[in-house]
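Colleague: Below is a structure I'd like to ask you about.
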Protein chains: 2
Amino acid sequence: MSKTEQGRPPGTTTERTGHKAPTIRDVAREAGVSIGTVSKALNGAGALKAETRERVIGIARKMGFRPNDLAQSLHRGQSFTVGLISNDSFGRFTMPIMEGLERELAAERIAVFMSNATDDPERERQHIDQLMGKRVDGLVFTARRADRRPSLTTNVGDLPRLYVFSQSDDPDSFCLLPDDEGGARLATEHLIGLGCRRVAHVTGPEHFEAVRLRLKGYHDALDAAGLDPDPSRIIKGVWSEQWGREAIGILFADPTTAPDGIVCGNDQIGRGVLEALRDLKIPVPGSVRVVGFDNWDVMTEAARPRLTSIDMNLYDLGREAGRRIIRMIGGETFKGVLRLPCTLVVRESCGGTPNEHKGQET
Amino acid sequence: MSKTEQGRPPGTTTERTGHKAPTIRDVAREAGVSIGTVSKALNGAGALKAETRERVIGIARKMGFRPNDLAQSLHRGQSFTVGLISNDSFGRFTMPIMEGLERELAAERIAVFMSNATDDPERERQHIDQLMGKRVDGLVFTARRADRRPSLTTNVGDLPRLYVFSQSDDPDSFCLLPDDEGGARLATEHLIGLGCRRVAHVTGPEHFEAVRLRLKGYHDALDAAGLDPDPSRIIKGVWSEQWGREAIGILFADPTTAPDGIVCGNDQIGRGVLEALRDLKIPVPGSVRVVGFDNWDVMTEAARPRLTSIDMNLYDLGREAGRRIIRMIGGETFKGVLRLPCTLVVRESCGGTPNEHKGQET
DNA sequence: GTGAAAGCGCTAACAA
DNA sequence: TTGTTAGCGCTTTCAC
């Protein structure tokens, strides 16, 4: 353990200089006015002589005065905070969502508490408990889950709450999700539009709702084009590159029935598919066109050729979550499931004209 | 946009039923005792008849009473919150750190505000401002940065602050980092121990401090083994698979000087290296042994063969950050740079005996 | 136009 | 053993 730590030995307690933040009272004293006057000056409320107002503001600024939100919240009964509870251990999908959410909330001066429950109901309960103690104005749940999650047993009263990239089994809840079905339809339509007639679907475990929805989108697109769905071209496995590679072995076992297009359940599968095709020297997009799902740059850019994919626009999903929870805090009510559109990002693996990030919508 | 949203049309403001959280006063009234008594009962302070205590606690529980932390904090002058400011847009490296941090803090009943500054000094200033308003007890900064970051101009007084996976140019600051140098040394030693005599290093852009440190570790290991460092075997590029592939073209241009071991600057490079070697039908680990850096499962597991790598133990780094900031809040002072050990995780790409996650330490 | 004071929900020191 | 009360820092109503 190469510690280059300096500083006092552990245990040494140094008094911090502790010049604490000035209070409104300090400002009042300094300015020679009453507390009420300072408050009015700072909040632009009430009637005040312009000169007084500016003088007070100037002094407050000079003193580095910053109102104590805790006191303010206590008075107002609103804390200007929201709790975010993740069950994905802040995973890959959660990040852009958090980012979008935080951005919208920051604009309204609402701060976000993050907590990670990692699918442990007991930890989740504790976290919610703490957040309730902090008097958060709302609760946002997120996760990557195969299924709906049981609604929480903890009593959160009528606190606004919202599920994003996650679902609750409470029928009164409000859930924000990507339009998996539309995304898969978009991918399939795109391949069909490029001339594919034998489109396969290599996807993940069926117990994921997303798998079922994407499958439906795939089917619908085939139907709409009058193409027969061949069950042997739909294969389910896991969410890995390894599975993508294996799937090619299965699909191309009999060359006479081999697909000319493949819609993949995610980008890892997509990349595995591309690698296996490369090993077999089957030209992409010459003989087979491939589309992934997630538009995860780490995968799409490193694949050979680069992988066309469906973007779930999770950042936007997070932003929408932020806007909604703000409205819910404002008193509006939402319920049901709202699905936001996915986008097609074309790269070389499907032979279309690369569009990078403009994409058609579902 | 396939919205299955139900609920009231936007703008409709429904009054929430609004039975607000009971206060300590409500509990006191209900129990027929004074406020002070309730407080004592709940906090286990003072002397109270056991029977009263239990009766009060029971009533409080039944009423779903949860003390208002805001009021408590106002009184105590401590908010039991910490602000986390990320400049990595909650990136891949930030996640495990956040997780570890949050875990340690949650155990001490400290909640974490997350905010994302994405390298915009103005946003960072605003965030800090807000957090100061919320009277956070400490500030944790994190980021993936090439260089040290300028210390913040905003006045945060003597609030405890800590940098994790990130550095400040303020000499009084305290920074927590992985031991990049030791990690690279570990990787190089391992290859040498397996018999490699011509070990190459394919890494990222030199303006990253991590690149310079890892290079030093690599050099030290060669020195210690009495091996001559050949400058042509050290090549710097970017952090991508693409670069890893290109690097093989360079290193193997002249077969007579080709390396028999490669230490890669990260796992993406490592994977690119493995792919290119595979394309060239150069057996791994038969002819060349390869080690990556980051131990990012998405890369290490999908690579063929699976990639041996150095784990920076970011989750532990996050936990240490949590413990330290807690101590700093308690009054201790730390300064300087503390580097935590990296771990070697052996898989098939280097031909050792796979150890998965036990790993030797630096 | 400005000051005084009540009160947000809690803790802790002091009284009873 | 229990009750009373003065704040914590702020907002807001009501006097002046």
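Residues in the structure tokens are named by chain (A, B, ... in the order shown) and by number from 1 within that chain; ligands are numbered from 1 in the order shown.
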Quick one: pick out all strand (DSSP E) residues within region 190-341 of chain B from a backbone DSSP run and write them as an MDAnalysis selection string.

Modeller: chainID B and resid 199:203 234:236 261:264 289:293 308:311 336:340

Colleague: Could you take the residues named above and write them with N, CA and C atoms, as a PDB file, in the first residue's frame?

Modeller:
ATOM      1  N   VAL B 199       8.666  -7.557 -23.149  1.00  0.00           N
ATOM      2  CA  VAL B 199       7.334  -7.090 -22.768  1.00  0.00           C
ATOM      3  C   VAL B 199       7.060  -5.695 -23.343  1.00  0.00           C
ATOM      4  N   ALA B 200       5.976  -5.572 -24.075  1.00  0.00           N
ATOM      5  CA  ALA B 200       5.622  -4.270 -24.652  1.00  0.00           C
ATOM      6  C   ALA B 200       4.573  -3.576 -23.787  1.00  0.00           C
ATOM      7  N   HIS B 201       4.402  -2.284 -24.024  1.00  0.00           N
ATOM      8  CA  HIS B 201       3.378  -1.522 -23.306  1.00  0.00           C
ATOM      9  C   HIS B 201       2.603  -0.679 -24.311  1.00  0.00           C
ATOM     10  N   VAL B 202       1.309  -0.993 -24.448  1.00  0.00           N
ATOM     11  CA  VAL B 202       0.448  -0.240 -25.360  1.00  0.00           C
ATOM     12  C   VAL B 202      -0.516   0.570 -24.505  1.00  0.00           C
ATOM     13  N   THR B 203      -0.423   1.865 -24.593  1.00  0.00           N
ATOM     14  CA  THR B 203      -1.187   2.651 -23.632  1.00  0.00           C
ATOM     15  C   THR B 203      -1.886   3.859 -24.248  1.00  0.00           C
ATOM     16  N   ILE B 234       7.217   0.572 -26.522  1.00  0.00           N
ATOM     17  CA  ILE B 234       6.302   1.398 -25.740  1.00  0.00           C
ATOM     18  C   ILE B 234       5.562   2.304 -26.693  1.00  0.00           C
ATOM     19  N   ILE B 235       4.266   2.063 -26.872  1.00  0.00           N
ATOM     20  CA  ILE B 235       3.560   2.919 -27.817  1.00  0.00           C
ATOM     21  C   ILE B 235       2.297   3.500 -27.202  1.00  0.00           C
ATOM     22  N   LYS B 236       2.152   4.788 -27.429  1.00  0.00           N
ATOM     23  CA  LYS B 236       1.040   5.535 -26.842  1.00  0.00           C
ATOM     24  C   LYS B 236       0.051   5.934 -27.918  1.00  0.00           C
ATOM     25  N   GLY B 261       5.048 -10.481 -24.610  1.00  0.00           N
ATOM     26  CA  GLY B 261       4.101 -10.111 -23.555  1.00  0.00           C
ATOM     27  C   GLY B 261       3.680  -8.672 -23.775  1.00  0.00           C
ATOM     28  N   ILE B 262       2.431  -8.366 -23.470  1.00  0.00           N
ATOM     29  CA  ILE B 262       1.962  -6.991 -23.675  1.00  0.00           C
ATOM     30  C   ILE B 262       1.155  -6.531 -22.465  1.00  0.00           C
ATOM     31  N   VAL B 263       1.599  -5.423 -21.897  1.00  0.00           N
ATOM     32  CA  VAL B 263       0.828  -4.785 -20.830  1.00  0.00           C
ATOM     33  C   VAL B 263       0.033  -3.658 -21.471  1.00  0.00           C
ATOM     34  N   CYS B 264      -1.281  -3.709 -21.331  1.00  0.00           N
ATOM     35  CA  CYS B 264      -2.107  -2.692 -21.990  1.00  0.00           C
ATOM     36  C   CYS B 264      -2.578  -1.637 -20.996  1.00  0.00           C
ATOM     37  N   ARG B 289       1.618 -13.143 -24.301  1.00  0.00           N
ATOM     38  CA  ARG B 289       0.722 -13.059 -23.141  1.00  0.00           C
ATOM     39  C   ARG B 289       0.259 -11.611 -23.002  1.00  0.00           C
ATOM     40  N   VAL B 290      -0.989 -11.440 -22.616  1.00  0.00           N
ATOM     41  CA  VAL B 290      -1.561 -10.087 -22.591  1.00  0.00           C
ATOM     42  C   VAL B 290      -2.247  -9.793 -21.252  1.00  0.00           C
ATOM     43  N   VAL B 291      -2.015  -8.582 -20.760  1.00  0.00           N
ATOM     44  CA  VAL B 291      -2.712  -8.121 -19.550  1.00  0.00           C
ATOM     45  C   VAL B 291      -3.352  -6.764 -19.828  1.00  0.00           C
ATOM     46  N   GLY B 292      -4.554  -6.562 -19.348  1.00  0.00           N
ATOM     47  CA  GLY B 292      -5.244  -5.283 -19.505  1.00  0.00           C
ATOM     48  C   GLY B 292      -5.211  -4.473 -18.211  1.00  0.00           C
ATOM     49  N   PHE B 293      -6.055  -3.455 -18.168  1.00  0.00           N
ATOM     50  CA  PHE B 293      -6.088  -2.601 -16.980  1.00  0.00           C
ATOM     51  C   PHE B 293      -7.511  -2.054 -16.846  1.00  0.00           C
ATOM     52  N   THR B 308      -6.816 -11.202 -18.800  1.00  0.00           N
ATOM     53  CA  THR B 308      -6.254 -10.920 -17.479  1.00  0.00           C
ATOM     54  C   THR B 308      -6.183  -9.412 -17.317  1.00  0.00           C
ATOM     55  N   SER B 309      -6.451  -8.916 -16.115  1.00  0.00           N
ATOM     56  CA  SER B 309      -6.463  -7.464 -15.984  1.00  0.00           C
ATOM     57  C   SER B 309      -6.134  -6.995 -14.573  1.00  0.00           C
ATOM     58  N   ILE B 310      -5.873  -5.705 -14.474  1.00  0.00           N
ATOM     59  CA  ILE B 310      -5.595  -5.083 -13.189  1.00  0.00           C
ATOM     60  C   ILE B 310      -6.859  -4.386 -12.700  1.00  0.00           C
ATOM     61  N   ASP B 311      -7.263  -4.719 -11.498  1.00  0.00           N
ATOM     62  CA  ASP B 311      -8.470  -4.109 -10.936  1.00  0.00           C
ATOM     63  C   ASP B 311      -8.081  -2.942 -10.031  1.00  0.00           C
ATOM     64  N   GLY B 336      -2.700  15.609   1.276  1.00  0.00           N
ATOM     65  CA  GLY B 336      -1.801  14.818   0.462  1.00  0.00           C
ATOM     66  C   GLY B 336      -2.558  13.820  -0.388  1.00  0.00           C
ATOM     67  N   VAL B 337      -1.814  12.869  -0.919  1.00  0.00           N
ATOM     68  CA  VAL B 337      -2.395  11.905  -1.840  1.00  0.00           C
ATOM     69  C   VAL B 337      -2.277  10.523  -1.237  1.00  0.00           C
ATOM     70  N   LEU B 338      -3.381   9.839  -1.172  1.00  0.00           N
ATOM     71  CA  LEU B 338      -3.366   8.462  -0.674  1.00  0.00           C
ATOM     72  C   LEU B 338      -3.723   7.544  -1.828  1.00  0.00           C
ATOM     73  N   ARG B 339      -2.828   6.617  -2.129  1.00  0.00           N
ATOM     74  CA  ARG B 339      -3.104   5.693  -3.241  1.00  0.00           C
ATOM     75  C   ARG B 339      -3.396   4.301  -2.715  1.00  0.00           C
ATOM     76  N   LEU B 340      -4.491   3.745  -3.155  1.00  0.00           N
ATOM     77  CA  LEU B 340      -4.885   2.416  -2.707  1.00  0.00           C
ATOM     78  C   LEU B 340      -4.464   1.355  -3.718  1.00  0.00           C
TER      79      LEU B 340
END

Colleague: Determine which residues of chain B sit within 12 Å of chain D, taking into account only C-alpha atoms (C1' of nucleotides), and present them as an mmCIF file with all heavy atoms, in the first residue's frame.

Modeller:
data_model
loop_
_atom_site.group_PDB
_atom_site.id
_atom_site.type_symbol
_atom_site.label_atom_id
_atom_site.label_comp_id
_atom_site.auth_asym_id
_atom_site.auth_seq_id
_atom_site.Cartn_x
_atom_site.Cartn_y
_atom_site.Cartn_z
ATOM 1 N N ALA B 28 -46.958 14.083 21.448
ATOM 2 C CA ALA B 28 -47.082 14.470 22.851
ATOM 3 C C ALA B 28 -48.551 14.578 23.246
ATOM 4 O O ALA B 28 -48.986 14.036 24.273
ATOM 5 C CB ALA B 28 -46.366 15.799 23.084
ATOM 6 N N GLY B 32 -50.458 12.264 25.858
ATOM 7 C CA GLY B 32 -50.768 12.970 27.092
ATOM 8 C C GLY B 32 -49.547 13.318 27.919
ATOM 9 O O GLY B 32 -49.580 13.327 29.136
ATOM 10 N N VAL B 33 -48.437 13.547 27.228
ATOM 11 C CA VAL B 33 -47.217 13.971 27.933
ATOM 12 C C VAL B 33 -46.685 15.232 27.266
ATOM 13 O O VAL B 33 -47.262 15.721 26.303
ATOM 14 C CB VAL B 33 -46.130 12.877 27.896
ATOM 15 C CG1 VAL B 33 -46.585 11.655 28.636
ATOM 16 C CG2 VAL B 33 -45.769 12.557 26.457
ATOM 17 N N SER B 34 -45.584 15.727 27.795
ATOM 18 C CA SER B 34 -45.014 16.943 27.216
ATOM 19 C C SER B 34 -44.103 16.614 26.029
ATOM 20 O O SER B 34 -43.662 15.478 25.865
ATOM 21 C CB SER B 34 -44.190 17.674 28.260
ATOM 22 O OG SER B 34 -42.949 17.019 28.400
ATOM 23 N N ILE B 35 -43.835 17.641 25.269
ATOM 24 C CA ILE B 35 -42.933 17.486 24.132
ATOM 25 C C ILE B 35 -41.571 16.973 24.570
ATOM 26 O O ILE B 35 -41.001 16.063 23.976
ATOM 27 C CB ILE B 35 -42.755 18.846 23.427
ATOM 28 C CG1 ILE B 35 -44.058 19.231 22.728
ATOM 29 C CG2 ILE B 35 -41.629 18.792 22.436
ATOM 30 C CD1 ILE B 35 -43.950 20.505 21.945
ATOM 31 N N GLY B 36 -41.063 17.560 25.643
ATOM 32 C CA GLY B 36 -39.756 17.157 26.148
ATOM 33 C C GLY B 36 -39.715 15.674 26.461
ATOM 34 O O GLY B 36 -38.743 14.993 26.138
ATOM 35 N N THR B 37 -40.769 15.186 27.048
ATOM 36 C CA THR B 37 -40.814 13.765 27.391
ATOM 37 C C THR B 37 -40.733 12.899 26.144
ATOM 38 O O THR B 37 -39.998 11.906 26.111
ATOM 39 C CB THR B 37 -42.118 13.461 28.145
ATOM 40 O OG1 THR B 37 -42.165 14.302 29.298
ATOM 41 C CG2 THR B 37 -42.164 12.016 28.556
ATOM 42 N N VAL B 38 -41.455 13.292 25.143
ATOM 43 C CA VAL B 38 -41.413 12.518 23.907
ATOM 44 C C VAL B 38 -39.997 12.509 23.361
ATOM 45 O O VAL B 38 -39.454 11.462 22.983
ATOM 46 C CB VAL B 38 -42.366 13.113 22.850
ATOM 47 C CG1 VAL B 38 -42.237 12.348 21.543
ATOM 48 C CG2 VAL B 38 -43.793 13.085 23.351
ATOM 49 N N SER B 39 -39.402 13.680 23.340
ATOM 50 C CA SER B 39 -38.038 13.776 22.829
ATOM 51 C C SER B 39 -37.108 12.848 23.592
ATOM 52 O O SER B 39 -36.331 12.101 23.005
ATOM 53 C CB SER B 39 -37.558 15.220 22.928
ATOM 54 O OG SER B 39 -36.216 15.315 22.525
ATOM 55 N N LYS B 40 -37.207 12.891 24.910
ATOM 56 C CA LYS B 40 -36.351 12.023 25.715
ATOM 57 C C LYS B 40 -36.607 10.558 25.413
ATOM 58 O O LYS B 40 -35.681 9.766 25.258
ATOM 59 C CB LYS B 40 -36.592 12.290 27.204
ATOM 60 C CG LYS B 40 -35.877 13.527 27.702
ATOM 61 C CD LYS B 40 -36.376 13.936 29.067
ATOM 62 C CE LYS B 40 -36.268 15.446 29.242
ATOM 63 N NZ LYS B 40 -37.167 15.956 30.271
ATOM 64 N N ALA B 41 -37.860 10.202 25.336
ATOM 65 C CA ALA B 41 -38.210 8.808 25.065
ATOM 66 C C ALA B 41 -37.604 8.351 23.741
ATOM 67 O O ALA B 41 -36.974 7.302 23.659
ATOM 68 C CB ALA B 41 -39.728 8.648 25.027
ATOM 69 N N GLY B 46 -31.819 11.438 28.864
ATOM 70 C CA GLY B 46 -32.465 11.803 30.120
ATOM 71 C C GLY B 46 -32.998 10.608 30.883
ATOM 72 O O GLY B 46 -32.861 9.460 30.469
ATOM 73 N N ALA B 47 -33.602 10.874 32.003
ATOM 74 C CA ALA B 47 -34.159 9.808 32.825
ATOM 75 C C ALA B 47 -35.665 9.764 32.627
ATOM 76 O O ALA B 47 -36.337 10.791 32.698
ATOM 77 C CB ALA B 47 -33.836 10.073 34.292
ATOM 78 N N LEU B 48 -36.165 8.580 32.367
ATOM 79 C CA LEU B 48 -37.596 8.442 32.102
ATOM 80 C C LEU B 48 -38.045 7.100 32.650
ATOM 81 O O LEU B 48 -37.305 6.113 32.598
ATOM 82 C CB LEU B 48 -37.827 8.489 30.593
ATOM 83 C CG LEU B 48 -38.942 9.380 30.070
ATOM 84 C CD1 LEU B 48 -38.848 10.765 30.684
ATOM 85 C CD2 LEU B 48 -38.866 9.475 28.567
ATOM 86 N N LYS B 49 -39.239 7.051 33.138
ATOM 87 C CA LYS B 49 -39.764 5.791 33.627
ATOM 88 C C LYS B 49 -39.895 4.860 32.419
ATOM 89 O O LYS B 49 -40.410 5.260 31.369
ATOM 90 C CB LYS B 49 -41.127 6.024 34.281
ATOM 91 C CG LYS B 49 -41.532 4.898 35.207
ATOM 92 C CD LYS B 49 -42.591 5.342 36.217
ATOM 93 C CE LYS B 49 -43.697 6.113 35.522
ATOM 94 N NZ LYS B 49 -44.828 6.388 36.460
ATOM 95 N N ALA B 50 -39.409 3.644 32.595
ATOM 96 C CA ALA B 50 -39.408 2.698 31.477
ATOM 97 C C ALA B 50 -40.787 2.591 30.855
ATOM 98 O O ALA B 50 -40.938 2.546 29.630
ATOM 99 C CB ALA B 50 -38.935 1.327 31.956
ATOM 100 N N GLU B 51 -41.775 2.580 31.688
ATOM 101 C CA GLU B 51 -43.134 2.404 31.185
ATOM 102 C C GLU B 51 -43.535 3.576 30.283
ATOM 103 O O GLU B 51 -44.049 3.383 29.189
ATOM 104 C CB GLU B 51 -44.091 2.280 32.382
ATOM 105 C CG GLU B 51 -45.506 1.938 32.003
ATOM 106 C CD GLU B 51 -46.422 3.147 32.159
ATOM 107 O OE1 GLU B 51 -46.325 3.801 33.206
ATOM 108 O OE2 GLU B 51 -47.194 3.432 31.222
ATOM 109 N N THR B 52 -43.266 4.781 30.753
ATOM 110 C CA THR B 52 -43.581 5.961 29.941
ATOM 111 C C THR B 52 -42.869 5.886 28.603
ATOM 112 O O THR B 52 -43.459 6.085 27.546
ATOM 113 C CB THR B 52 -43.098 7.240 30.655
ATOM 114 O OG1 THR B 52 -43.367 7.124 32.038
ATOM 115 C CG2 THR B 52 -43.764 8.455 30.063
ATOM 116 N N ARG B 53 -41.575 5.614 28.700
ATOM 117 C CA ARG B 53 -40.761 5.547 27.484
ATOM 118 C C ARG B 53 -41.388 4.623 26.467
ATOM 119 O O ARG B 53 -41.593 4.975 25.311
ATOM 120 C CB ARG B 53 -39.356 5.075 27.864
ATOM 121 C CG ARG B 53 -38.522 4.595 26.690
ATOM 122 C CD ARG B 53 -37.061 4.620 27.018
ATOM 123 N NE ARG B 53 -36.613 5.976 27.269
ATOM 124 C CZ ARG B 53 -35.648 6.316 28.108
ATOM 125 N NH1 ARG B 53 -35.031 5.381 28.790
ATOM 126 N NH2 ARG B 53 -35.313 7.566 28.270
ATOM 127 N N LEU B 70 -34.796 18.081 9.249
ATOM 128 C CA LEU B 70 -34.500 19.484 8.955
ATOM 129 C C LEU B 70 -34.444 20.284 10.247
ATOM 130 O O LEU B 70 -33.507 21.055 10.480
ATOM 131 C CB LEU B 70 -35.583 20.058 8.044
ATOM 132 C CG LEU B 70 -35.338 20.031 6.541
ATOM 133 C CD1 LEU B 70 -34.657 18.768 6.082
ATOM 134 C CD2 LEU B 70 -36.630 20.243 5.786
ATOM 135 N N ALA B 71 -35.444 20.075 11.063
ATOM 136 C CA ALA B 71 -35.495 20.795 12.333
ATOM 137 C C ALA B 71 -34.326 20.378 13.218
ATOM 138 O O ALA B 71 -33.659 21.205 13.840
ATOM 139 C CB ALA B 71 -36.808 20.504 13.041
ATOM 140 N N GLN B 72 -34.085 19.076 13.221
ATOM 141 C CA GLN B 72 -33.002 18.549 14.023
ATOM 142 C C GLN B 72 -31.675 19.162 13.592
ATOM 143 O O GLN B 72 -30.867 19.592 14.416
ATOM 144 C CB GLN B 72 -32.978 17.040 13.795
ATOM 145 C CG GLN B 72 -32.453 16.226 14.929
ATOM 146 C CD GLN B 72 -32.855 14.772 14.742
ATOM 147 O OE1 GLN B 72 -34.019 14.475 14.480
ATOM 148 N NE2 GLN B 72 -31.893 13.876 14.855
ATOM 149 N N SER B 73 -31.467 19.195 12.290
ATOM 150 C CA SER B 73 -30.220 19.726 11.754
ATOM 151 C C SER B 73 -30.081 21.199 12.084
ATOM 152 O O SER B 73 -28.994 21.685 12.384
ATOM 153 C CB SER B 73 -30.190 19.558 10.237
ATOM 154 O OG SER B 73 -30.287 18.208 9.898
ATOM 155 N N LEU B 74 -31.178 21.890 12.002
ATOM 156 C CA LEU B 74 -31.150 23.324 12.273
ATOM 157 C C LEU B 74 -30.634 23.556 13.688
ATOM 158 O O LEU B 74 -29.793 24.412 13.933
ATOM 159 C CB LEU B 74 -32.564 23.883 12.126
ATOM 160 C CG LEU B 74 -32.696 25.387 12.244
ATOM 161 C CD1 LEU B 74 -31.831 26.063 11.210
ATOM 162 C CD2 LEU B 74 -34.155 25.799 12.068
ATOM 163 N N HIS B 75 -31.135 22.738 14.549
ATOM 164 C CA HIS B 75 -30.734 22.865 15.938
ATOM 165 C C HIS B 75 -29.277 22.472 16.151
ATOM 166 O O HIS B 75 -28.508 23.165 16.786
ATOM 167 C CB HIS B 75 -31.635 21.986 16.798
ATOM 168 C CG HIS B 75 -31.326 22.074 18.245
ATOM 169 N ND1 HIS B 75 -31.900 23.004 19.064
ATOM 170 C CD2 HIS B 75 -30.478 21.360 19.013
ATOM 171 C CE1 HIS B 75 -31.418 22.854 20.277
ATOM 172 N NE2 HIS B 75 -30.558 21.855 20.271
ATOM 173 N N ARG B 76 -28.923 21.325 15.582
ATOM 174 C CA ARG B 76 -27.596 20.779 15.833
ATOM 175 C C ARG B 76 -26.501 21.454 15.019
ATOM 176 O O ARG B 76 -25.329 21.261 15.295
ATOM 177 C CB ARG B 76 -27.583 19.295 15.464
ATOM 178 C CG ARG B 76 -28.497 18.462 16.329
ATOM 179 C CD ARG B 76 -27.782 17.182 16.719
ATOM 180 N NE ARG B 76 -28.254 16.041 15.977
ATOM 181 C CZ ARG B 76 -28.891 15.025 16.551
ATOM 182 N NH1 ARG B 76 -29.170 15.044 17.832
ATOM 183 N NH2 ARG B 76 -29.247 13.992 15.837
ATOM 184 N N GLY B 77 -26.878 22.147 13.969
ATOM 185 C CA GLY B 77 -25.853 22.733 13.122
ATOM 186 C C GLY B 77 -25.104 21.697 12.316
ATOM 187 O O GLY B 77 -23.979 21.900 11.903
ATOM 188 N N GLN B 78 -25.746 20.560 12.101
ATOM 189 C CA GLN B 78 -25.153 19.500 11.283
ATOM 190 C C GLN B 78 -26.265 18.889 10.477
ATOM 191 O O GLN B 78 -27.300 18.543 11.033
ATOM 192 C CB GLN B 78 -24.549 18.443 12.212
ATOM 193 C CG GLN B 78 -23.114 18.104 11.922
ATOM 194 C CD GLN B 78 -22.842 16.632 12.131
ATOM 195 O OE1 GLN B 78 -23.695 15.779 11.908
ATOM 196 N NE2 GLN B 78 -21.629 16.322 12.546
ATOM 197 N N GLY B 133 -25.898 25.999 0.599
ATOM 198 C CA GLY B 133 -27.191 26.427 1.119
ATOM 199 C C GLY B 133 -27.864 25.311 1.900
ATOM 200 O O GLY B 133 -28.498 25.552 2.928
ATOM 201 N N ARG B 135 -26.362 23.290 3.554
ATOM 202 C CA ARG B 135 -25.498 23.074 4.722
ATOM 203 C C ARG B 135 -24.946 21.660 4.814
ATOM 204 O O ARG B 135 -24.967 21.030 5.880
ATOM 205 C CB ARG B 135 -26.262 23.413 6.008
ATOM 206 C CG ARG B 135 -26.648 24.881 6.148
ATOM 207 C CD ARG B 135 -25.436 25.783 6.224
ATOM 208 N NE ARG B 135 -25.761 27.176 6.551
ATOM 209 C CZ ARG B 135 -25.952 28.133 5.646
ATOM 210 N NH1 ARG B 135 -25.865 27.863 4.350
ATOM 211 N NH2 ARG B 135 -26.214 29.371 6.034
#

Colleague: May I have the residues within 10 Å of region 273-283 of chain B as a ChimeraX atom specification, using only C-alpha atoms (C1' of nucleotides) and disregarding those fewer than 6 positions away in the same chain?

Modeller: /A:275,279 /B:202,241-249,252,262,264,267,289-292,303-307,349

Colleague: Write out as number ranges by chain all residues of region 17-179 of chain A that backbone DSSP assigns to helix (DSSP H, G or I).

Modeller: A: 24-31, 35-43, 50-63, 69-76, 94-107, 121-133

Colleague: Just how far from CA of Met312 (chain B) is CA of Gly100 (chain B), in Å to one decimal?

Modeller: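 Distance between the two atoms: 13.2 Å.
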
Colleague: Would you kindly return, as a compact mmCIF listing (two decimals) with C-alpha atoms, in the first residue's frame, each protein, DNA or RNA residue with an atom no farther than 12 Å from any atom of Gly91 (chain B), considering only C-alpha atoms (C1' of nucleotides) and excluding same-chain residues fewer than 3 positions away?

Modeller:
# COMPACT_ATOMS: atom_id res chain seq x y z
CA PHE A 90 -25.86 2.82 -10.45
CA GLY A 91 -25.41 0.68 -13.49
CA ARG A 92 -24.85 1.53 -17.07
CA PHE A 93 -28.48 2.31 -17.75
CA THR A 94 -28.98 4.33 -14.64
CA MET A 95 -26.24 6.82 -15.39
CA PRO A 96 -27.75 8.72 -18.29
CA ILE A 97 -31.08 8.68 -16.51
CA MET A 98 -29.57 10.19 -13.39
CA GLU A 99 -27.84 12.75 -15.48
CA SER B 86 -18.88 14.51 -10.36
CA ASN B 87 -17.19 15.76 -13.46
CA ASP B 88 -17.44 12.45 -15.21
CA THR B 94 -17.69 7.01 -11.05
CA MET B 95 -20.34 4.39 -10.47
CA PRO B 96 -18.50 1.94 -8.27
CA ILE B 97 -17.01 4.85 -6.37
CA MET B 98 -20.43 6.32 -5.72
CA ASN B 116 -22.98 16.55 -12.06
CA THR B 118 -19.49 17.83 -16.39
CA THR B 142 -14.79 12.91 -8.33
CA ALA B 143 -13.90 12.86 -11.99
CA ARG B 144 -11.91 11.19 -14.64
CA ARG B 145 -9.43 13.82 -15.51
CA PHE B 165 -10.28 9.47 -8.44

Colleague: Can you build me a table of chain C residues sitting at most 10 Å from chain B, with the closest atom pair per residue and its distance in Å to one decimal, using only C-alpha atoms (C1' of nucleotides), sorted by chain and residue number, as CSV?

Modeller:
residue,atom,partner,partner_atom,distance
C:DC8,C1',B:Ala71,CA,8.3
C:DG9,C1',B:Ala71,CA,5.2
C:DC10,C1',B:Ala71,CA,5.2
C:DT11,C1',B:His75,CA,6.8
C:DA12,C1',B:Gly36,CA,9.0

Colleague: Rounded to one decimal, what separation in Å do you get between CA of Val136 (chain A) and CA of Ala117 (chain A)?

Modeller: 17.1 Å
